[in-house]
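Okay, coords.cif is below, mmCIF, C-alpha atoms:
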data_run
#
loop_
_atom_site.label_atom_id
_atom_site.label_comp_id
_atom_site.auth_asym_id
_atom_site.auth_seq_id
_atom_site.Cartn_x
_atom_site.Cartn_y
_atom_site.Cartn_z
CA MET A 1 -78.96 -52.47 49.32
CA ARG A 2 -78.14 -49.09 47.77
CA ASN A 3 -80.21 -47.14 50.30
CA ARG A 4 -78.96 -49.15 53.26
CA LEU A 5 -75.25 -49.15 52.42
CA THR A 6 -74.54 -45.94 54.36
CA ALA A 7 -76.19 -47.38 57.48
CA PHE A 8 -74.25 -50.63 57.09
CA ILE A 9 -70.95 -48.75 56.75
CA LEU A 10 -71.64 -46.60 59.81
CA THR A 11 -72.58 -49.72 61.76
CA GLY A 12 -69.34 -51.36 60.62
CA MET A 13 -67.35 -48.36 61.84
CA ILE A 14 -68.96 -48.40 65.29
CA LEU A 15 -68.64 -52.16 65.70
CA GLY A 16 -65.05 -52.01 64.47
CA VAL A 17 -64.07 -49.50 67.14
CA ILE A 18 -65.85 -51.56 69.83
CA ALA A 19 -64.29 -54.84 68.70
CA GLY A 20 -60.85 -53.25 68.39
CA PHE A 21 -61.04 -51.76 71.87
CA ALA A 22 -62.16 -55.10 73.33
CA ALA A 23 -59.32 -56.90 71.55
CA ASN A 24 -56.82 -54.29 72.74
CA VAL A 25 -57.91 -54.81 76.35
CA TRP A 26 -57.92 -58.60 75.94
CA THR A 27 -54.36 -58.73 74.56
CA GLY A 28 -53.23 -56.87 77.68
CA GLY A 29 -50.27 -55.04 76.17
CA ASP A 30 -48.81 -58.11 74.41
CA GLU A 31 -47.65 -56.49 71.15
CA GLN A 32 -47.12 -59.75 69.28
CA LEU A 33 -50.56 -61.10 70.19
CA ALA A 34 -52.17 -57.76 69.36
CA LYS A 35 -50.53 -57.73 65.91
CA GLN A 36 -51.70 -61.30 65.30
CA VAL A 37 -55.29 -60.49 66.25
CA ALA A 38 -55.17 -57.26 64.24
CA GLY A 39 -53.95 -59.22 61.22
CA TYR A 40 -57.07 -61.39 61.31
CA PHE A 41 -59.29 -58.32 61.65
CA HIS A 42 -57.52 -56.64 58.74
CA LEU A 43 -58.06 -59.73 56.58
CA LEU A 44 -61.58 -58.43 55.87
CA ALA A 45 -60.20 -55.09 54.67
CA ASP A 46 -57.47 -56.82 52.65
CA ILE A 47 -60.02 -58.97 50.83
CA PHE A 48 -62.06 -55.90 49.95
CA LEU A 49 -59.01 -53.97 48.75
CA HIS A 50 -57.93 -56.95 46.64
CA LEU A 51 -61.36 -57.01 45.03
CA ILE A 52 -61.12 -53.26 44.39
CA LYS A 53 -57.70 -53.67 42.79
CA MET A 54 -59.20 -56.44 40.66
CA ILE A 55 -61.75 -54.10 39.07
CA ILE A 56 -59.93 -50.72 39.05
CA ALA A 57 -57.89 -51.22 35.85
CA PRO A 58 -60.67 -52.53 33.56
CA LEU A 59 -63.11 -50.03 35.06
CA VAL A 60 -60.85 -47.02 34.38
CA PHE A 61 -59.94 -48.24 30.91
CA SER A 62 -63.45 -49.07 29.73
CA THR A 63 -65.19 -45.98 31.14
CA LEU A 64 -62.49 -43.61 29.88
CA VAL A 65 -62.33 -45.06 26.36
CA ALA A 66 -66.13 -45.12 26.08
CA GLY A 67 -66.34 -41.54 27.35
CA ILE A 68 -63.78 -40.22 24.85
CA ALA A 69 -65.35 -42.17 21.98
CA HIS A 70 -68.71 -40.54 22.70
CA MET A 71 -67.17 -37.10 23.15
CA GLY A 72 -66.39 -37.11 19.43
CA ASP A 73 -64.26 -33.96 19.63
CA SER A 74 -60.56 -33.87 20.52
CA ALA A 75 -60.83 -30.10 21.07
CA ALA A 76 -63.43 -30.70 23.79
CA LEU A 77 -61.13 -33.26 25.37
CA GLY A 78 -58.28 -30.73 25.48
CA ARG A 79 -60.56 -28.03 26.88
CA ILE A 80 -61.86 -30.29 29.65
CA GLY A 81 -58.32 -31.43 30.49
CA GLY A 82 -57.08 -27.84 30.64
CA ARG A 83 -59.92 -26.76 32.93
CA ALA A 84 -59.33 -29.78 35.15
CA LEU A 85 -55.62 -29.07 35.54
CA ALA A 86 -56.31 -25.39 36.24
CA TRP A 87 -58.72 -26.36 39.03
CA PHE A 88 -56.26 -28.91 40.42
CA ILE A 89 -53.39 -26.40 40.59
CA ILE A 90 -55.49 -23.72 42.30
CA ALA A 91 -56.96 -26.24 44.77
CA SER A 92 -53.45 -27.56 45.58
CA LEU A 93 -52.13 -24.05 46.27
CA ILE A 94 -55.08 -23.30 48.55
CA SER A 95 -54.69 -26.60 50.43
CA LEU A 96 -50.94 -26.17 50.92
CA SER A 97 -51.38 -22.55 52.03
CA LEU A 98 -54.16 -23.43 54.45
CA GLY A 99 -52.00 -26.13 56.03
CA LEU A 100 -49.20 -23.60 56.44
CA VAL A 101 -51.50 -21.03 58.04
CA PHE A 102 -53.07 -23.45 60.53
CA VAL A 103 -49.86 -25.16 61.63
CA ASN A 104 -48.40 -21.73 62.43
CA PHE A 105 -51.60 -20.66 64.17
CA PHE A 106 -51.95 -23.78 66.34
CA ALA A 107 -48.19 -24.48 66.65
CA PRO A 108 -48.85 -28.09 67.80
CA GLY A 109 -45.13 -28.96 67.85
CA GLU A 110 -43.98 -26.19 70.16
CA GLY A 111 -42.89 -27.34 73.59
CA LEU A 112 -42.16 -30.94 72.59
CA ASN A 113 -38.40 -30.19 72.57
CA LEU A 114 -37.37 -33.27 70.60
CA VAL A 115 -33.62 -33.76 70.15
CA ARG A 116 -32.16 -34.46 66.73
CA SER A 117 -30.39 -37.84 66.71
CA GLY A 118 -29.90 -38.66 63.03
CA ALA A 119 -31.90 -41.90 63.37
CA ASP A 120 -33.52 -43.53 60.36
CA ALA A 121 -37.02 -42.24 59.66
CA GLY A 122 -38.19 -45.61 58.37
CA VAL A 123 -39.59 -44.09 55.18
CA ASN A 124 -38.11 -44.67 51.74
CA THR A 125 -37.75 -41.34 49.92
CA GLU A 126 -35.99 -42.78 46.89
CA ALA A 127 -39.36 -43.42 45.26
CA LEU A 128 -39.97 -39.65 45.11
CA ASN A 129 -38.17 -38.52 41.97
CA PHE A 130 -39.96 -36.08 39.69
CA ARG A 131 -38.01 -37.09 36.58
CA ASP A 132 -38.78 -40.77 37.15
CA PHE A 133 -42.41 -39.90 37.81
CA ILE A 134 -42.72 -38.12 34.45
CA LEU A 135 -41.19 -41.13 32.71
CA HIS A 136 -43.43 -43.47 34.70
CA VAL A 137 -46.53 -41.73 33.32
CA PHE A 138 -45.94 -43.27 29.88
CA PRO A 139 -46.45 -47.05 29.83
CA THR A 140 -44.16 -49.54 28.11
CA SER A 141 -46.85 -52.20 28.32
CA MET A 142 -50.59 -51.86 28.75
CA VAL A 143 -50.70 -55.32 30.29
CA GLY A 144 -48.04 -54.29 32.81
CA ALA A 145 -49.86 -51.04 33.61
CA MET A 146 -53.11 -52.88 34.28
CA ALA A 147 -51.36 -55.57 36.30
CA GLU A 148 -49.80 -52.91 38.54
CA ASN A 149 -52.97 -50.77 38.64
CA SER A 150 -50.96 -47.76 37.51
CA ILE A 151 -53.85 -45.37 36.93
CA LEU A 152 -51.85 -42.66 35.16
CA GLN A 153 -50.42 -45.16 32.66
CA ILE A 154 -53.89 -46.61 32.06
CA VAL A 155 -55.22 -43.07 31.48
CA VAL A 156 -52.50 -42.33 28.91
CA PHE A 157 -53.13 -45.57 26.99
CA SER A 158 -56.90 -45.06 27.18
CA LEU A 159 -56.54 -41.54 25.77
CA PHE A 160 -54.72 -42.90 22.73
CA VAL A 161 -57.32 -45.64 22.20
CA GLY A 162 -60.30 -43.33 22.70
CA VAL A 163 -58.97 -40.61 20.37
CA ALA A 164 -58.03 -43.24 17.76
CA LEU A 165 -61.54 -44.73 17.87
CA THR A 166 -62.96 -41.26 17.30
CA ALA A 167 -60.59 -40.71 14.37
CA ILE A 168 -61.47 -43.92 12.51
CA GLY A 169 -65.22 -43.24 12.79
CA GLU A 170 -67.55 -45.99 11.58
CA LYS A 171 -64.77 -48.60 11.44
CA GLY A 172 -64.39 -48.34 15.19
CA LYS A 173 -68.09 -48.73 16.03
CA PRO A 174 -67.85 -52.50 16.74
CA VAL A 175 -65.01 -51.87 19.20
CA VAL A 176 -67.01 -49.08 20.89
CA VAL A 177 -69.96 -51.46 21.30
CA VAL A 178 -67.70 -54.05 22.96
CA ILE A 179 -66.19 -51.44 25.29
CA GLU A 180 -69.65 -50.13 26.24
CA ALA A 181 -70.66 -53.68 27.13
CA MET A 182 -67.48 -53.95 29.19
CA VAL A 183 -68.45 -50.77 31.07
CA GLU A 184 -71.84 -52.20 31.99
CA LEU A 185 -70.23 -55.49 33.00
CA MET A 186 -67.66 -53.80 35.25
CA LEU A 187 -70.29 -51.58 36.87
CA GLN A 188 -72.35 -54.67 37.67
CA VAL A 189 -69.28 -56.36 39.17
CA THR A 190 -68.67 -53.16 41.15
CA GLY A 191 -72.16 -53.47 42.63
CA TYR A 192 -71.26 -56.94 43.89
CA VAL A 193 -67.91 -55.84 45.32
CA MET A 194 -69.39 -52.89 47.20
CA ARG A 195 -71.50 -55.28 49.28
CA VAL A 196 -68.27 -56.27 51.04
CA ALA A 197 -67.53 -52.65 52.06
CA PRO A 198 -69.19 -52.69 55.53
CA PHE A 199 -67.13 -55.76 56.51
CA ALA A 200 -63.96 -54.07 55.24
CA VAL A 201 -64.73 -50.97 57.27
CA PHE A 202 -65.23 -53.10 60.39
CA GLY A 203 -61.95 -54.96 59.84
CA ALA A 204 -59.85 -51.87 59.08
CA LEU A 205 -60.91 -49.95 62.18
CA ALA A 206 -60.84 -52.99 64.48
CA SER A 207 -57.30 -53.76 63.32
CA VAL A 208 -55.82 -50.34 64.02
CA ILE A 209 -57.57 -49.96 67.40
CA THR A 210 -56.37 -53.43 68.45
CA THR A 211 -52.71 -52.47 68.02
CA GLN A 212 -52.81 -48.75 68.84
CA GLY A 213 -55.64 -48.61 71.37
CA LEU A 214 -57.80 -45.58 71.96
CA GLY A 215 -55.08 -44.16 74.18
CA VAL A 216 -53.00 -43.12 71.17
CA LEU A 217 -55.66 -40.56 70.33
CA VAL A 218 -55.34 -39.10 73.82
CA THR A 219 -51.54 -38.90 73.63
CA PHE A 220 -51.58 -37.23 70.21
CA GLY A 221 -55.02 -35.72 70.64
CA GLU A 222 -53.92 -32.12 70.18
CA LEU A 223 -52.10 -32.83 66.91
CA VAL A 224 -54.92 -34.95 65.47
CA GLY A 225 -57.65 -32.59 66.66
CA GLU A 226 -55.99 -29.50 65.21
CA PHE A 227 -55.33 -31.26 61.93
CA TYR A 228 -58.97 -32.31 61.64
CA LEU A 229 -60.10 -28.78 62.47
CA SER A 230 -57.89 -27.58 59.61
CA LEU A 231 -59.45 -30.20 57.32
CA LEU A 232 -62.90 -28.99 58.35
CA VAL A 233 -62.03 -25.47 57.21
CA LEU A 234 -60.72 -26.90 53.93
CA TRP A 235 -63.99 -28.82 53.48
CA LEU A 236 -65.94 -25.60 54.02
CA LEU A 237 -63.79 -23.83 51.42
CA LEU A 238 -64.21 -26.66 48.92
CA VAL A 239 -67.98 -26.79 49.44
CA GLY A 240 -68.14 -23.00 49.22
CA ALA A 241 -66.17 -22.99 45.95
CA GLY A 242 -68.43 -25.73 44.62
CA SER A 243 -71.53 -23.78 45.62
CA ILE A 244 -70.39 -20.81 43.51
CA PHE A 245 -70.73 -22.99 40.41
CA LEU A 246 -73.30 -25.59 41.45
CA GLY A 247 -75.57 -23.49 43.66
CA LYS A 248 -77.94 -25.52 45.85
CA ARG A 249 -76.96 -28.69 44.01
CA MET A 250 -73.66 -28.60 45.91
CA PHE A 251 -75.44 -29.91 49.00
CA LYS A 252 -77.10 -32.61 46.92
CA LEU A 253 -73.65 -33.63 45.67
CA VAL A 254 -72.43 -34.05 49.26
CA ARG A 255 -75.44 -36.27 49.94
CA TYR A 256 -74.76 -38.36 46.84
CA VAL A 257 -71.08 -38.95 47.66
CA ARG A 258 -71.49 -39.71 51.37
CA GLU A 259 -70.94 -43.43 50.82
CA PRO A 260 -67.63 -43.04 48.92
CA LEU A 261 -66.53 -40.59 51.63
CA LEU A 262 -67.31 -43.08 54.40
CA ILE A 263 -65.49 -45.85 52.54
CA ALA A 264 -62.45 -43.62 51.96
CA PHE A 265 -62.43 -42.44 55.58
CA SER A 266 -62.76 -45.83 57.21
CA THR A 267 -60.33 -47.70 54.92
CA ALA A 268 -57.91 -44.76 54.39
CA SER A 269 -57.89 -45.72 50.71
CA SER A 270 -58.99 -43.44 47.85
CA GLU A 271 -58.83 -46.43 45.55
CA ALA A 272 -61.46 -48.25 47.61
CA ALA A 273 -63.90 -45.37 47.07
CA TYR A 274 -63.28 -45.01 43.31
CA PRO A 275 -65.88 -47.49 41.94
CA LYS A 276 -68.64 -46.16 44.20
CA MET A 277 -67.70 -42.59 43.29
CA LEU A 278 -68.22 -43.35 39.59
CA GLU A 279 -71.68 -44.69 40.34
CA GLN A 280 -72.69 -41.76 42.54
CA LEU A 281 -71.42 -39.08 40.14
CA ASP A 282 -73.43 -40.79 37.42
CA ARG A 283 -76.54 -40.59 39.59
CA PHE A 284 -75.82 -36.96 40.42
CA GLY A 285 -75.94 -36.07 36.73
CA VAL A 286 -72.31 -36.06 35.59
CA PRO A 287 -72.07 -37.69 32.13
CA ARG A 288 -69.81 -40.71 31.83
CA ARG A 289 -67.61 -39.02 29.24
CA ILE A 290 -66.72 -36.35 31.83
CA TYR A 291 -66.22 -38.32 35.04
CA SER A 292 -64.39 -41.16 33.31
CA PHE A 293 -61.73 -38.65 32.18
CA VAL A 294 -61.54 -36.09 35.01
CA LEU A 295 -61.75 -38.44 38.01
CA PRO A 296 -58.66 -40.58 37.17
CA LEU A 297 -56.68 -37.36 36.59
CA GLY A 298 -57.88 -36.03 39.92
CA TYR A 299 -56.76 -39.18 41.71
CA SER A 300 -53.24 -38.39 40.54
CA PHE A 301 -53.10 -34.59 40.63
CA ASN A 302 -55.87 -33.33 42.92
CA LEU A 303 -55.03 -34.52 46.44
CA ASP A 304 -56.33 -31.66 48.58
CA GLY A 305 -56.13 -33.48 51.92
CA SER A 306 -52.65 -34.81 51.23
CA MET A 307 -51.48 -31.34 50.22
CA MET A 308 -52.64 -29.84 53.51
CA TYR A 309 -51.05 -32.69 55.46
CA ALA A 310 -47.71 -32.20 53.69
CA THR A 311 -47.24 -28.61 54.89
CA PHE A 312 -48.88 -29.27 58.27
CA ALA A 313 -46.61 -32.24 59.07
CA THR A 314 -43.42 -30.63 57.72
CA ILE A 315 -43.73 -27.47 59.81
CA PHE A 316 -44.98 -29.47 62.83
CA ILE A 317 -41.78 -31.53 62.84
CA ALA A 318 -39.66 -28.39 62.61
CA GLN A 319 -41.57 -26.96 65.58
CA ALA A 320 -41.16 -30.19 67.56
CA TYR A 321 -37.37 -29.95 67.21
CA GLY A 322 -37.35 -26.29 68.13
CA ILE A 323 -36.31 -25.10 64.66
CA ASP A 324 -37.56 -21.62 63.79
CA LEU A 325 -38.30 -21.33 60.07
CA PRO A 326 -38.56 -17.84 58.56
CA ILE A 327 -41.72 -17.18 56.56
CA ALA A 328 -39.66 -16.99 53.36
CA THR A 329 -38.34 -20.51 53.97
CA GLN A 330 -41.85 -21.78 54.70
CA ILE A 331 -43.13 -20.31 51.42
CA THR A 332 -40.21 -21.98 49.60
CA ILE A 333 -41.18 -25.29 51.23
CA LEU A 334 -44.76 -24.74 50.03
CA LEU A 335 -43.61 -24.16 46.44
CA VAL A 336 -41.34 -27.22 46.54
CA LEU A 337 -44.24 -29.34 47.83
CA MET A 338 -46.42 -27.95 45.04
CA VAL A 339 -44.06 -29.54 42.49
CA THR A 340 -42.86 -32.71 44.24
CA SER A 341 -46.32 -33.71 45.44
CA LYS A 342 -47.42 -34.27 41.84
CA GLY A 343 -45.13 -37.27 41.66
CA ILE A 344 -46.61 -39.28 44.52
CA ALA A 345 -49.55 -41.03 42.84
CA ALA A 346 -48.08 -44.55 42.84
CA VAL A 347 -45.86 -44.25 45.94
CA PRO A 348 -46.87 -46.24 49.07
CA ARG A 349 -47.62 -43.98 52.09
CA ALA A 350 -47.23 -41.14 49.63
CA SER A 351 -47.77 -38.22 52.00
CA LEU A 352 -45.14 -39.44 54.46
CA VAL A 353 -42.67 -39.95 51.60
CA VAL A 354 -43.22 -36.36 50.43
CA VAL A 355 -42.80 -35.00 53.98
CA ALA A 356 -39.61 -37.01 54.55
CA ALA A 357 -38.10 -35.93 51.23
CA THR A 358 -38.93 -32.27 51.89
CA LEU A 359 -37.41 -32.41 55.38
CA GLY A 360 -34.20 -33.82 53.93
CA GLN A 361 -34.07 -31.19 51.20
CA PHE A 362 -34.20 -28.37 53.77
CA ASP A 363 -31.85 -30.08 56.24
CA LEU A 364 -34.62 -30.65 58.77
CA PRO A 365 -34.73 -33.78 61.01
CA VAL A 366 -36.11 -36.56 58.80
CA GLU A 367 -36.42 -38.88 61.82
CA GLY A 368 -39.29 -36.65 62.95
CA VAL A 369 -41.51 -38.60 60.56
CA ALA A 370 -41.27 -41.58 62.92
CA PHE A 371 -42.78 -39.43 65.69
CA ILE A 372 -46.10 -39.05 63.85
CA LEU A 373 -46.26 -42.62 62.55
CA ALA A 374 -48.29 -43.68 65.59
CA VAL A 375 -51.26 -41.55 64.52
CA ASP A 376 -50.59 -41.37 60.81
CA HIS A 377 -53.39 -43.86 60.08
CA PHE A 378 -55.96 -41.68 61.86
CA MET A 379 -54.73 -38.60 60.01
CA ASP A 380 -54.66 -40.56 56.76
CA MET A 381 -58.36 -41.34 57.17
CA GLY A 382 -59.20 -37.64 57.18
CA ARG A 383 -56.91 -36.60 54.35
CA THR A 384 -58.10 -39.50 52.17
CA ALA A 385 -61.76 -38.53 52.60
CA THR A 386 -60.79 -34.95 51.77
CA ASN A 387 -59.07 -36.10 48.58
CA VAL A 388 -62.23 -37.92 47.53
CA LEU A 389 -64.50 -34.96 48.29
CA GLY A 390 -62.19 -32.59 46.40
CA ASN A 391 -62.30 -34.77 43.31
CA ALA A 392 -66.07 -35.13 43.43
CA ILE A 393 -66.44 -31.33 43.56
CA ALA A 394 -63.83 -30.76 40.84
CA THR A 395 -65.50 -33.23 38.47
CA SER A 396 -68.96 -31.75 39.04
CA VAL A 397 -67.78 -28.15 38.64
CA ILE A 398 -65.96 -28.92 35.38
CA THR A 399 -69.12 -30.64 34.12
CA LYS A 400 -71.08 -27.49 34.96
CA TRP A 401 -68.50 -25.36 33.12
CA GLU A 402 -69.03 -27.53 30.06
CA GLY A 403 -72.81 -27.11 30.32
CA MET A 404 -73.26 -30.88 30.56
CA LEU A 405 -74.56 -31.31 34.11
CA GLU A 406 -77.79 -33.29 33.97
CA VAL A 407 -80.69 -33.64 36.40
CA GLU A 408 -80.17 -36.02 39.31
CA GLU A 409 -81.38 -39.52 38.67
CA SER A 410 -84.05 -39.32 41.38
CA GLU A 411 -85.74 -36.48 39.49
CA TYR A 412 -86.29 -38.59 36.38
CA VAL A 413 -89.70 -40.15 35.96
CA PRO A 414 -89.08 -43.65 34.59
CA HIS A 415 -90.96 -44.75 31.51
CA PRO A 416 -93.25 -47.76 32.07
CA ARG A 417 -91.18 -49.83 29.60
CA ALA A 418 -87.82 -48.74 31.01
CA PRO A 419 -85.81 -51.46 32.78
CA ALA A 420 -85.42 -51.27 36.54
CA HIS A 421 -82.30 -49.32 37.42
CA THR A 422 -79.32 -51.16 38.81
CA PRO A 423 -75.73 -50.03 39.25
CA ALA A 424 -74.95 -51.71 35.93
CA HIS A 425 -77.36 -49.57 33.91
CA GLY A 426 -76.13 -46.17 35.09
CA ARG A 427 -77.33 -43.23 33.05
CA ALA A 428 -77.46 -45.54 30.04
CA GLY A 429 -80.74 -46.91 31.39
CA LEU A 430 -82.12 -43.40 31.58
CA GLU A 431 -81.03 -42.71 28.00
CA LEU A 432 -82.81 -45.90 26.95
CA ALA A 433 -85.98 -44.72 28.70
CA SER A 434 -85.67 -41.39 26.91
CA ASP A 435 -85.36 -43.19 23.58
CA MET A 436 -88.52 -45.17 24.41
CA VAL A 437 -90.41 -41.95 25.09
CA GLU A 438 -89.21 -40.57 21.78
CA ASP A 439 -90.30 -43.78 19.99
CA ASP A 440 -93.76 -43.51 21.57
CA ARG A 441 -94.01 -39.90 20.45
CA LYS A 442 -93.10 -40.85 16.88
CA GLY A 443 -95.52 -43.78 16.99
#
Same coordinates, now as structure tokens:
Amino acid sequence: MRNRLTAFILTGMILGVIAGFAANVWTGGDEQLAKQVAGYFHLLADIFLHLIKMIIAPLVFSTLVAGIAHMGDSAALGRIGGRALAWFIIASLISLSLGLVFVNFFAPGEGLNLVRSGADAGVNTEALNFRDFILHVFPTSMVGAMAENSILQIVVFSLFVGVALTAIGEKGKPVVVVIEAMVELMLQVTGYVMRVAPFAVFGALASVITTQGLGVLVTFGELVGEFYLSLLVLWLLLVGAGSIFLGKRMFKLVRYVREPLLIAFSTASSEAAYPKMLEQLDRFGVPRRIYSFVLPLGYSFNLDGSMMYATFATIFIAQAYGIDLPIATQITILLVLMVTSKGIAAVPRASLVVVAATLGQFDLPVEGVAFILAVDHFMDMGRTATNVLGNAIATSVITKWEGMLEVEESEYVPHPRAPAHTPAHGRAGLELASDMVEDDRKG
């Protein structure tokens, strides 16, 4: 199943587009019927996303606590966290700047001559409040945080538990054993859930094509095409930066994470790709104690694709309304986005919320957000995949900095007595095989 999952996902994507186009033609322009049919298609994606939400909280908690407990050094934890945040800030600045450069170069909004009307944008910007975001980071209830799948709150609680287990030493060993068993259990459950991914991919794409039709890509083709070209340049920069630290293994990393990237792209959900990303980073050679800490942080603070989209969409709307923004104002917008974008982790349609709030702050037409809603899903697919790739590279590079990057799983020669590898064993199975070799040597 593991080797065929990529083929299944690609097949699901192709069949989803075909089925969606056929349904769009069959509904014949009846919006109500199209929405009803699309709802049934999207049921497959909804089921998958519900299953993902079911496992995210216990998966983040167990892997993070186990990773910190095995790290055994709070100084190392602080060092890794500092390096991660430094990478995230630099990557965000590059992504925002690149979006600014390309939207000015392509100028996709020029000539549209939209007229400002003061209409409602249809996006709630009240959720974007940096003070409330800071307060939201710290949970009042671990049960509530897990019920709401608030990753940042789960990370904070897990940090306390993991550091405390390290501090109490031997007394905490029984708890560590239980949590390690929970990790293996959740990884096994993840393996089951990922089998639904191809059906979710089919349903998600079929749903959006049923309601929007392929024609929407023709109408907004220039905007979407230029945005994806900008994303391609960002991908090249990210891969290039990763190659500086990882060398030739950078290309192996891209091969390992292709399945999470396809899942993120087709479902437009970073959360959907998270469990598979854990598994693939483990196979690439990133130790659990690193990826279990850095990846959840990256999902909140390292959103490279969303950063680029924020500047691209903001300046595009200004261009569409014929508003000329001086370069100084554009740089100010970039710096504002650099700060406000860090508070979007738990906000629905986060990128649109950030764009709408920024437009309002600079007295630009907020209703312009409604103009790009028609193709926002297609743009969201690209920026979500970019977010996932950026976090995979960041986690691997930080592991390399720490001198902890191991050999890829495929390069290990399994011991005859080692158990067959499954998603539940992870690198733990390899460590067990290593212990067996050591036992044989001693014997």
Query raised in the report: By how many Å are CA of Met381 in chain A and CA of Ser266 in chain A apart?
Result: 6.3 Å
Run through the PyMOL selection byres ((chain A and resi 105) around 12) on the given coordinates and return the selected residues as a short mmCIF file (atom, residue, chain, number, x, y, z; two decimals) with C-alpha atoms, in the frame of the given file.
data_model
loop_
_atom_site.label_atom_id
_atom_site.label_comp_id
_atom_site.auth_asym_id
_atom_site.auth_seq_id
_atom_site.Cartn_x
_atom_site.Cartn_y
_atom_site.Cartn_z
CA LEU A 98 -54.16 -23.43 54.45
CA GLY A 99 -52.00 -26.13 56.03
CA LEU A 100 -49.20 -23.60 56.44
CA VAL A 101 -51.50 -21.03 58.04
CA PHE A 102 -53.07 -23.45 60.53
CA VAL A 103 -49.86 -25.16 61.63
CA ASN A 104 -48.40 -21.73 62.43
CA PHE A 106 -51.95 -23.78 66.34
CA ALA A 107 -48.19 -24.48 66.65
CA PRO A 108 -48.85 -28.09 67.80
CA GLY A 109 -45.13 -28.96 67.85
CA GLU A 110 -43.98 -26.19 70.16
CA GLU A 226 -55.99 -29.50 65.21
CA PHE A 227 -55.33 -31.26 61.93
CA LEU A 229 -60.10 -28.78 62.47
CA SER A 230 -57.89 -27.58 59.61
CA PHE A 312 -48.88 -29.27 58.27
CA ILE A 315 -43.73 -27.47 59.81
CA PHE A 316 -44.98 -29.47 62.83
CA GLN A 319 -41.57 -26.96 65.58
#
Query raised in the report: Leaving out Ala268 in chain A and any residue of its chain fewer than 6 positions from it, which residues lie within 9 Å of it when counting only C-alpha atoms, given as a PyMOL selection string?
Result: chain A and resi 204+377-385
Requested in this report: Give me the result of the PyMOL selection byres ((chain A and resi 397) around 12) on this file, residue by residue, as a ChimeraX atom specification.
Outcome: /A:80,83-84,87-88,238-247,249-250,253,281,285-286,290-291,294-295,390-396,398-405
Can I get the selection written as an mmCIF file, in the coordinates of the input, with C-alpha atoms?
data_model
loop_
_atom_site.group_PDB
_atom_site.id
_atom_site.type_symbol
_atom_site.label_atom_id
_atom_site.label_comp_id
_atom_site.auth_asym_id
_atom_site.auth_seq_id
_atom_site.Cartn_x
_atom_site.Cartn_y
_atom_site.Cartn_z
ATOM 1 C CA ILE A 80 -61.860 -30.290 29.650
ATOM 2 C CA ARG A 83 -59.920 -26.760 32.930
ATOM 3 C CA ALA A 84 -59.330 -29.780 35.150
ATOM 4 C CA TRP A 87 -58.720 -26.360 39.030
ATOM 5 C CA PHE A 88 -56.260 -28.910 40.420
ATOM 6 C CA LEU A 238 -64.210 -26.660 48.920
ATOM 7 C CA VAL A 239 -67.980 -26.790 49.440
ATOM 8 C CA GLY A 240 -68.140 -23.000 49.220
ATOM 9 C CA ALA A 241 -66.170 -22.990 45.950
ATOM 10 C CA GLY A 242 -68.430 -25.730 44.620
ATOM 11 C CA SER A 243 -71.530 -23.780 45.620
ATOM 12 C CA ILE A 244 -70.390 -20.810 43.510
ATOM 13 C CA PHE A 245 -70.730 -22.990 40.410
ATOM 14 C CA LEU A 246 -73.300 -25.590 41.450
ATOM 15 C CA GLY A 247 -75.570 -23.490 43.660
ATOM 16 C CA ARG A 249 -76.960 -28.690 44.010
ATOM 17 C CA MET A 250 -73.660 -28.600 45.910
ATOM 18 C CA LEU A 253 -73.650 -33.630 45.670
ATOM 19 C CA LEU A 281 -71.420 -39.080 40.140
ATOM 20 C CA GLY A 285 -75.940 -36.070 36.730
ATOM 21 C CA VAL A 286 -72.310 -36.060 35.590
ATOM 22 C CA ILE A 290 -66.720 -36.350 31.830
ATOM 23 C CA TYR A 291 -66.220 -38.320 35.040
ATOM 24 C CA VAL A 294 -61.540 -36.090 35.010
ATOM 25 C CA LEU A 295 -61.750 -38.440 38.010
ATOM 26 C CA GLY A 390 -62.190 -32.590 46.400
ATOM 27 C CA ASN A 391 -62.300 -34.770 43.310
ATOM 28 C CA ALA A 392 -66.070 -35.130 43.430
ATOM 29 C CA ILE A 393 -66.440 -31.330 43.560
ATOM 30 C CA ALA A 394 -63.830 -30.760 40.840
ATOM 31 C CA THR A 395 -65.500 -33.230 38.470
ATOM 32 C CA SER A 396 -68.960 -31.750 39.040
ATOM 33 C CA ILE A 398 -65.960 -28.920 35.380
ATOM 34 C CA THR A 399 -69.120 -30.640 34.120
ATOM 35 C CA LYS A 400 -71.080 -27.490 34.960
ATOM 36 C CA TRP A 401 -68.500 -25.360 33.120
ATOM 37 C CA GLU A 402 -69.030 -27.530 30.060
ATOM 38 C CA GLY A 403 -72.810 -27.110 30.320
ATOM 39 C CA MET A 404 -73.260 -30.880 30.560
ATOM 40 C CA LEU A 405 -74.560 -31.310 34.110
#
Query raised in the report: Between A:Val196, A:Trp26, A:Phe21, A:Ala34, which has the minimum distance to Asp46 in chain A (counting only C-alpha atoms)?
Result: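 Of all the options, A:Val196 lies closest to Asp46 in chain A.
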Query - Residue with smallest distance to Leu236 in chain A - pool A:Thr63, A:Thr6, A:Thr386, A:Thr27, counting all atoms listed in the file - result: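 Of the candidates, the smallest distance to Leu236 in chain A is held by A:Thr386.
Compared by their closest atoms to Val155 in chain A, and using only C-alpha atoms, the residues A:Glu31, A:Phe41, A:Gly169, A:Pro296 rank with A:Pro296 nearest.
Going from CA of Leu114 in chain A over to CA of Val369 in chain A, you cover 12.1 Å.
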